[in-house]
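This report concerns only the one structure given below.
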Amino acid sequence: MPSARAAVTLLSMLSRSTSLALLAVLLAAPRLAHAARCELTGPPVLLGRVAGSDVLAGELDVRRGEAIDVYLVAPGRLDGKPVLFADTGAARHVSWSAAGCPEVQVRWRRVEPRMQHVTTPAPNAAVALYANAVVFGPTHGRWLGYDRLEYFETALPAGDDRWTLTVGDARPSDPALADARLPEYRDLGTMRLAATVTGPDAVARATPDVDDAPRGQIGDDVFRYSVRSGEGLFGWLTSYFNVPYVFGSAGVGARSQAERRVGTDCADLIVAGLRRAGRGDLAYSSVGGLVRSLQRVTAPLAVHARGEALDPAVYVPRPGDILALDYLGSAALPRPWDHIVVLAVDRGPGGGPADGRLGPDDLVADIGDAQGLKFAPLGDQGDVRVLVLRARDIDS
């Protein structure tokens, strides 16, 4: 605002009416707004919520079609006062841009697991798969210790310089991994995110990311979201796309590798799905443990890779049924039950329409190789003995 002397000098040069009008304008002019002093002071984190919700969390499980807003939350100071900068709209958060702070650089990234050993040695020399135990041979299943998984990051340019990123799918960055699935499942599964913000001090500060993998397992503080097809066992299983197969996956309850979507074997995949679908009382165990704890629907049945489907009088396939498998004639797998899958789609010969008969063309949800969770014909398992199981009080 001009000084009083300057105002008087100016008024002396103008007519009385003009002078009075100009004086009113000068006196009413606001003082120049002071520039906000904005600082970033510590490591940021990511929080997300389903679009339209008020609940923020560091991990989210959503159904297909639900958008997720992911927010960068960074500690800092505004005019010397400690604040949390974020665009959530929550009372405890301050918007960096709305506060008049200068532009910052923000870079978002996917954090994904490699699906098997690529740059590090595998514990079983003959196979590159992740494993906590011996695979094949007379000591098959003997504990080796937790394997160290590999992770990588890919950039998400759509989020450049944005404090908020909206995502709606968990499609992996590897096209081959997604394209190997049925089209309706390519956007489902589990994904993790990280971001880096570089503020006025030119210091790059990263949220928990690919480097946060203590003992070779991605940290729980790395933001995770999982997209599934629906409810029930089968729906929850679809949230396990992009989760690596780990033979002999381990951990108790909420600390299980499967529960945390770090990695899973065939049995823990099914237990995780059942627990999410409502059977939180089930403990993580093994194929044999599931055979002992679940309801038996049939006696053991022989299904041959190139054989005929079974008589429906023996068993009528029901998607969501659990099939324990014993590989016939495999001396390298000495246990009574070797593998376990979930019946996904009843199909006739050659992949034709449902025929109400269990056979080699029926699709099963299976995990056991570097593809992770997949849907494949039961006949791909070879000649097997099948025991049909169900979990009580669970929708398929």
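Each chain in the structure tokens gets a letter, A, B and so on, in the order shown; residues start at 1 in every chain, and ligands are counted from 1 in the order they appear.
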
Write out as a tab-separated table the residues of region 272-299 of chain A that have any atom within 10 Å of an atom of region 376-393 of chain A, one row each with the nearest atom pair and its distance in Å to one decimal, counting only C-alpha atoms, sorted by chain and then rising number.
residue	atom	partner	partner_atom	distance
A:Leu274	CA	A:Ala391	CA	7.8
A:Ala277	CA	A:Asp393	CA	9.5
A:Gly278	CA	A:Asp393	CA	8.0
A:Arg279	CA	A:Asp393	CA	7.9
A:Leu282	CA	A:Ala391	CA	9.8
A:Leu290	CA	A:Leu389	CA	8.5
A:Val291	CA	A:Leu389	CA	7.3
A:Arg292	CA	A:Leu389	CA	9.8
A:Ser293	CA	A:Ala391	CA	8.6
A:Leu294	CA	A:Ala391	CA	5.5
A:Gln295	CA	A:Arg390	CA	5.2
A:Arg296	CA	A:Leu389	CA	4.7
A:Val297	CA	A:Val388	CA	5.3
A:Thr298	CA	A:Val388	CA	5.5
A:Ala299	CA	A:Leu387	CA	6.2

Would you export the selected residues with N, CA and C atoms as a PDB file, in the first residue's frame, please?
ATOM      1  N   LEU A 274     -10.072 -69.348   1.462  1.00  0.00           N
ATOM      2  CA  LEU A 274     -11.127 -69.737   2.396  1.00  0.00           C
ATOM      3  C   LEU A 274     -11.194 -68.795   3.593  1.00  0.00           C
ATOM      4  N   ALA A 277     -12.836 -65.717   2.566  1.00  0.00           N
ATOM      5  CA  ALA A 277     -14.247 -65.940   2.252  1.00  0.00           C
ATOM      6  C   ALA A 277     -15.094 -66.225   3.483  1.00  0.00           C
ATOM      7  N   GLY A 278     -14.467 -66.264   4.663  1.00  0.00           N
ATOM      8  CA  GLY A 278     -15.253 -66.422   5.876  1.00  0.00           C
ATOM      9  C   GLY A 278     -14.801 -67.490   6.837  1.00  0.00           C
ATOM     10  N   ARG A 279     -13.814 -68.313   6.446  1.00  0.00           N
ATOM     11  CA  ARG A 279     -13.337 -69.364   7.337  1.00  0.00           C
ATOM     12  C   ARG A 279     -12.025 -68.958   7.992  1.00  0.00           C
ATOM     13  N   LEU A 282      -9.591 -71.456   9.864  1.00  0.00           N
ATOM     14  CA  LEU A 282      -8.704 -72.427   9.232  1.00  0.00           C
ATOM     15  C   LEU A 282      -7.249 -72.001   9.392  1.00  0.00           C
ATOM     16  N   LEU A 290      -5.237 -80.158   4.544  1.00  0.00           N
ATOM     17  CA  LEU A 290      -6.550 -79.852   3.979  1.00  0.00           C
ATOM     18  C   LEU A 290      -7.367 -81.122   3.779  1.00  0.00           C
ATOM     19  N   VAL A 291      -6.717 -82.191   3.340  1.00  0.00           N
ATOM     20  CA  VAL A 291      -7.424 -83.464   3.179  1.00  0.00           C
ATOM     21  C   VAL A 291      -8.014 -83.908   4.518  1.00  0.00           C
ATOM     22  N   ARG A 292      -7.292 -83.676   5.591  1.00  0.00           N
ATOM     23  CA  ARG A 292      -7.778 -84.086   6.915  1.00  0.00           C
ATOM     24  C   ARG A 292      -8.860 -83.158   7.458  1.00  0.00           C
ATOM     25  N   SER A 293      -8.819 -81.865   7.100  1.00  0.00           N
ATOM     26  CA  SER A 293      -9.709 -80.901   7.758  1.00  0.00           C
ATOM     27  C   SER A 293     -10.972 -80.571   6.971  1.00  0.00           C
ATOM     28  N   LEU A 294     -10.981 -80.795   5.668  1.00  0.00           N
ATOM     29  CA  LEU A 294     -12.146 -80.444   4.863  1.00  0.00           C
ATOM     30  C   LEU A 294     -13.079 -81.640   4.682  1.00  0.00           C
ATOM     31  N   GLN A 295     -14.307 -81.338   4.300  1.00  0.00           N
ATOM     32  CA  GLN A 295     -15.317 -82.378   4.088  1.00  0.00           C
ATOM     33  C   GLN A 295     -15.009 -83.156   2.805  1.00  0.00           C
ATOM     34  N   ARG A 296     -15.006 -84.474   2.908  1.00  0.00           N
ATOM     35  CA  ARG A 296     -14.792 -85.314   1.728  1.00  0.00           C
ATOM     36  C   ARG A 296     -16.122 -85.519   1.007  1.00  0.00           C
ATOM     37  N   VAL A 297     -16.134 -85.215  -0.282  1.00  0.00           N
ATOM     38  CA  VAL A 297     -17.350 -85.349  -1.085  1.00  0.00           C
ATOM     39  C   VAL A 297     -17.381 -86.692  -1.794  1.00  0.00           C
ATOM     40  N   THR A 298     -16.222 -87.222  -2.166  1.00  0.00           N
ATOM     41  CA  THR A 298     -16.139 -88.488  -2.892  1.00  0.00           C
ATOM     42  C   THR A 298     -15.036 -89.355  -2.296  1.00  0.00           C
ATOM     43  N   ALA A 299     -15.037 -90.598  -2.702  1.00  0.00           N
ATOM     44  CA  ALA A 299     -13.868 -91.450  -2.511  1.00  0.00           C
ATOM     45  C   ALA A 299     -12.845 -91.063  -3.575  1.00  0.00           C
TER      46      ALA A 299
END

What's the 9 Å shell around Phe247 (chain A), counting only C-alpha atoms, without same-chain residues fewer than 3 positions away, as a PDB file with N, CA and C atoms, in the first residue's frame?
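Wrote part_3.pdb, looks like this:
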ATOM      1  N   LEU A 129      12.298 -72.085  -9.451  1.00  0.00           N
ATOM      2  CA  LEU A 129      11.164 -71.642  -8.648  1.00  0.00           C
ATOM      3  C   LEU A 129      11.605 -71.236  -7.247  1.00  0.00           C
ATOM      4  N   TYR A 130      10.841 -70.296  -6.659  1.00  0.00           N
ATOM      5  CA  TYR A 130      11.045 -69.976  -5.254  1.00  0.00           C
ATOM      6  C   TYR A 130      10.639 -71.187  -4.412  1.00  0.00           C
ATOM      7  N   ALA A 131      11.390 -71.447  -3.367  1.00  0.00           N
ATOM      8  CA  ALA A 131      11.076 -72.600  -2.521  1.00  0.00           C
ATOM      9  C   ALA A 131      11.677 -72.405  -1.141  1.00  0.00           C
ATOM     10  N   ASN A 132      10.880 -72.749  -0.129  1.00  0.00           N
ATOM     11  CA  ASN A 132      11.370 -72.774   1.251  1.00  0.00           C
ATOM     12  C   ASN A 132      11.769 -74.180   1.671  1.00  0.00           C
ATOM     13  N   ALA A 133      11.583 -75.146   0.765  1.00  0.00           N
ATOM     14  CA  ALA A 133      11.826 -76.545   1.100  1.00  0.00           C
ATOM     15  C   ALA A 133      12.376 -77.275  -0.123  1.00  0.00           C
ATOM     16  N   VAL A 134      12.834 -78.479   0.102  1.00  0.00           N
ATOM     17  CA  VAL A 134      13.384 -79.300  -0.979  1.00  0.00           C
ATOM     18  C   VAL A 134      12.267 -79.704  -1.934  1.00  0.00           C
ATOM     19  N   VAL A 135      12.532 -79.589  -3.237  1.00  0.00           N
ATOM     20  CA  VAL A 135      11.582 -79.993  -4.269  1.00  0.00           C
ATOM     21  C   VAL A 135      12.072 -81.290  -4.906  1.00  0.00           C
ATOM     22  N   GLY A 141      10.183 -81.810   0.453  1.00  0.00           N
ATOM     23  CA  GLY A 141       9.452 -81.137   1.518  1.00  0.00           C
ATOM     24  C   GLY A 141      10.285 -80.765   2.726  1.00  0.00           C
ATOM     25  N   GLY A 263       3.884 -64.635  -1.286  1.00  0.00           N
ATOM     26  CA  GLY A 263       4.050 -65.829  -2.098  1.00  0.00           C
ATOM     27  C   GLY A 263       3.237 -66.946  -1.489  1.00  0.00           C
ATOM     28  N   THR A 264       2.935 -67.969  -2.285  1.00  0.00           N
ATOM     29  CA  THR A 264       2.090 -69.037  -1.768  1.00  0.00           C
ATOM     30  C   THR A 264       2.311 -70.327  -2.526  1.00  0.00           C
ATOM     31  N   ASP A 265       2.114 -71.432  -1.822  1.00  0.00           N
ATOM     32  CA  ASP A 265       2.065 -72.713  -2.512  1.00  0.00           C
ATOM     33  C   ASP A 265       0.605 -73.083  -2.732  1.00  0.00           C
ATOM     34  N   CYS A 266       0.374 -74.274  -3.269  1.00  0.00           N
ATOM     35  CA  CYS A 266      -0.984 -74.639  -3.665  1.00  0.00           C
ATOM     36  C   CYS A 266      -1.933 -74.720  -2.475  1.00  0.00           C
ATOM     37  N   GLY A 368       1.630 -73.527  -9.299  1.00  0.00           N
ATOM     38  CA  GLY A 368       2.681 -74.510  -9.139  1.00  0.00           C
ATOM     39  C   GLY A 368       3.879 -74.277 -10.028  1.00  0.00           C
TER      40      GLY A 368
END

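Going from CA of Arg261 (chain A) over to CA of Gly52 (chain A), you cover 25.8 Å.
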
*Determine which residues of region 55-283 of chain A DSSP labels as helix (DSSP H, G or I) from the backbone of this structure, then write them out as a ChimeraX atom specification.*
/A:157-159,175-179,183-185,214-216,232-240,253-255,266-276

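The two atoms in question, CA of Pro312 (chain A) and CA of Gly232 (chain A), are spaced 25.1 Å apart.
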
Env of region 49-51 of chain A: 12 Å cut, atoms = only C-alpha atoms, seq-sep filter 6 positions within chain, self excluded. Answer as a PDB file with C-alpha atoms, in the first residue's frame.
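As written to disk, around_19.pdb reads:
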ATOM      1  CA  ALA A  57      -5.470 -47.542   4.516  1.00  0.00           C
ATOM      2  CA  GLY A  58      -2.050 -48.819   3.522  1.00  0.00           C
ATOM      3  CA  GLU A  59      -3.553 -51.871   1.800  1.00  0.00           C
ATOM      4  CA  LEU A  60      -6.864 -52.394   0.045  1.00  0.00           C
ATOM      5  CA  ASP A  61      -8.906 -55.345  -1.217  1.00  0.00           C
ATOM      6  CA  VAL A  62     -11.466 -54.322  -3.827  1.00  0.00           C
ATOM      7  CA  ARG A  63     -13.806 -55.866  -6.352  1.00  0.00           C
ATOM      8  CA  ARG A  64     -13.419 -55.476 -10.082  1.00  0.00           C
ATOM      9  CA  GLY A  65     -14.773 -52.103 -11.247  1.00  0.00           C
ATOM     10  CA  GLU A  66     -13.956 -50.228  -8.028  1.00  0.00           C
ATOM     11  CA  ALA A  67     -11.495 -47.355  -8.537  1.00  0.00           C
ATOM     12  CA  ILE A  68      -8.820 -46.664  -5.926  1.00  0.00           C
ATOM     13  CA  ASP A  69      -7.421 -43.221  -5.122  1.00  0.00           C
ATOM     14  CA  VAL A  70      -3.844 -43.477  -3.833  1.00  0.00           C
ATOM     15  CA  TYR A  71      -2.442 -40.445  -1.975  1.00  0.00           C
ATOM     16  CA  THR A  88      -7.002 -36.374   0.828  1.00  0.00           C
ATOM     17  CA  THR A 164      -2.868 -38.488  -6.138  1.00  0.00           C
ATOM     18  CA  LEU A 165      -2.925 -41.499  -8.474  1.00  0.00           C
ATOM     19  CA  THR A 166      -6.156 -43.292  -9.394  1.00  0.00           C
ATOM     20  CA  VAL A 167      -5.886 -46.973 -10.320  1.00  0.00           C
ATOM     21  CA  GLY A 168      -8.506 -49.496 -11.343  1.00  0.00           C
ATOM     22  CA  PHE A 223       1.355 -49.940  -0.425  1.00  0.00           C
ATOM     23  CA  ARG A 224      -0.663 -52.920  -1.726  1.00  0.00           C
ATOM     24  CA  TYR A 225      -3.989 -53.270  -3.450  1.00  0.00           C
ATOM     25  CA  SER A 226      -5.692 -56.432  -4.686  1.00  0.00           C
ATOM     26  CA  VAL A 227      -8.513 -56.667  -7.224  1.00  0.00           C
TER      27      VAL A 227
END

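The residue that comes closest to Thr120 (chain A), out of A:Pro102, A:Gln371, A:Gly216, A:Leu177 and on the basis of only C-alpha atoms, is A:Gly216.
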
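Backbone DSSP over region 159-209 of chain A yields strand (DSSP E or B) at Thr164, Leu165, Thr166, Val167, Gly189, Thr190, Met191, Arg192, Leu193, Ala194, Ala195, Thr196, Val197, Thr198, Ala204, Arg205 and Ala206 of chain A.
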
_Quick one: residues within 10 Å of Thr154 (chain A), only C-alpha atoms, excluding same-chain residues fewer than 6 positions away - as a list of chain:residue names?_
A:Trp108, A:Arg109, A:Arg110, A:Val111, A:Glu112, A:Pro172, A:Ser173, A:Leu193, A:Ala194

Could you write those residues out with N, CA and C atoms, as an mmCIF file, in the first residue's frame?
data_model
loop_
_atom_site.group_PDB
_atom_site.id
_atom_site.type_symbol
_atom_site.label_atom_id
_atom_site.label_comp_id
_atom_site.auth_asym_id
_atom_site.auth_seq_id
_atom_site.Cartn_x
_atom_site.Cartn_y
_atom_site.Cartn_z
ATOM 1 N N TRP A 108 5.734 -41.879 -9.723
ATOM 2 C CA TRP A 108 5.072 -43.079 -9.223
ATOM 3 C C TRP A 108 5.642 -44.313 -9.914
ATOM 4 N N ARG A 109 5.610 -45.457 -9.195
ATOM 5 C CA ARG A 109 6.141 -46.700 -9.744
ATOM 6 C C ARG A 109 5.319 -47.900 -9.269
ATOM 7 N N ARG A 110 5.223 -48.913 -10.127
ATOM 8 C CA ARG A 110 4.757 -50.225 -9.680
ATOM 9 C C ARG A 110 5.920 -50.949 -9.001
ATOM 10 N N VAL A 111 5.594 -51.738 -7.999
ATOM 11 C CA VAL A 111 6.574 -52.621 -7.357
ATOM 12 C C VAL A 111 6.052 -54.047 -7.525
ATOM 13 N N GLU A 112 6.792 -54.867 -8.271
ATOM 14 C CA GLU A 112 6.304 -56.201 -8.621
ATOM 15 C C GLU A 112 7.347 -57.270 -8.313
ATOM 16 N N PRO A 172 -0.253 -56.842 -14.627
ATOM 17 C CA PRO A 172 1.201 -56.781 -14.463
ATOM 18 C C PRO A 172 1.864 -56.053 -15.620
ATOM 19 N N SER A 173 3.079 -55.582 -15.395
ATOM 20 C CA SER A 173 3.797 -54.867 -16.448
ATOM 21 C C SER A 173 4.308 -55.814 -17.526
ATOM 22 N N LEU A 193 2.629 -50.281 -4.993
ATOM 23 C CA LEU A 193 3.012 -48.988 -5.550
ATOM 24 C C LEU A 193 4.033 -48.305 -4.653
ATOM 25 N N ALA A 194 4.802 -47.432 -5.268
ATOM 26 C CA ALA A 194 5.728 -46.562 -4.542
ATOM 27 C C ALA A 194 5.757 -45.221 -5.253
#

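Contact shell of Ala365 (chain A) at 8 Å (only C-alpha atoms; same-chain neighbours under 6 positions omitted): Val341, Val342, Leu343, Ala344, Leu373, Lys374, Phe375 and Ala376 of chain A.
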
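The closest residue to Arg114 (chain A), picked from A:Pro300, A:Gly199, A:Pro244, A:Pro208 and counting only C-alpha atoms, is A:Pro244.
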
Please produce, as a tab-separated table, a per-residue contact table for region 166-231 of chain A versus region 74-80 of chain A (criterion: any atom at most 10 Å away, only C-alpha atoms considered), showing the nearest atom pair and its distance in Å to one decimal, sorted by chain then residue number.
residue	atom	partner	partner_atom	distance
A:Val197	CA	A:Ala74	CA	8.5
A:Arg205	CA	A:Ala74	CA	8.9
A:Ala206	CA	A:Ala74	CA	9.7
A:Thr207	CA	A:Ala74	CA	9.0

Near Arg347 (chain A), counting only C-alpha atoms, which residues have an atom at most 6 Å away, once you skip same-chain residues fewer than 2 positions from it, shown as a short mmCIF file (atom, residue, chain, number, x, y, z; two decimals) with N, CA and C atoms, in the first residue's frame?
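Output (result_38.cif):
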data_model
loop_
_atom_site.label_atom_id
_atom_site.label_comp_id
_atom_site.auth_asym_id
_atom_site.auth_seq_id
_atom_site.Cartn_x
_atom_site.Cartn_y
_atom_site.Cartn_z
N GLY A 351 -12.88 -78.94 -24.66
CA GLY A 351 -13.20 -77.61 -24.14
C GLY A 351 -14.60 -77.16 -24.49
N GLY A 352 -15.47 -78.10 -24.83
CA GLY A 352 -16.84 -77.78 -25.21
C GLY A 352 -17.71 -77.42 -24.02
N PRO A 353 -19.02 -77.26 -24.26
CA PRO A 353 -19.95 -76.88 -23.19
C PRO A 353 -19.92 -77.86 -22.03
N ALA A 354 -20.36 -77.38 -20.87
CA ALA A 354 -20.38 -78.21 -19.66
C ALA A 354 -21.14 -79.51 -19.92
N ASP A 361 -10.74 -82.20 -19.47
CA ASP A 361 -10.92 -80.89 -20.11
C ASP A 361 -11.46 -79.83 -19.15
N ASP A 362 -11.88 -80.23 -17.96
CA ASP A 362 -12.37 -79.24 -17.00
C ASP A 362 -11.23 -78.31 -16.58
#
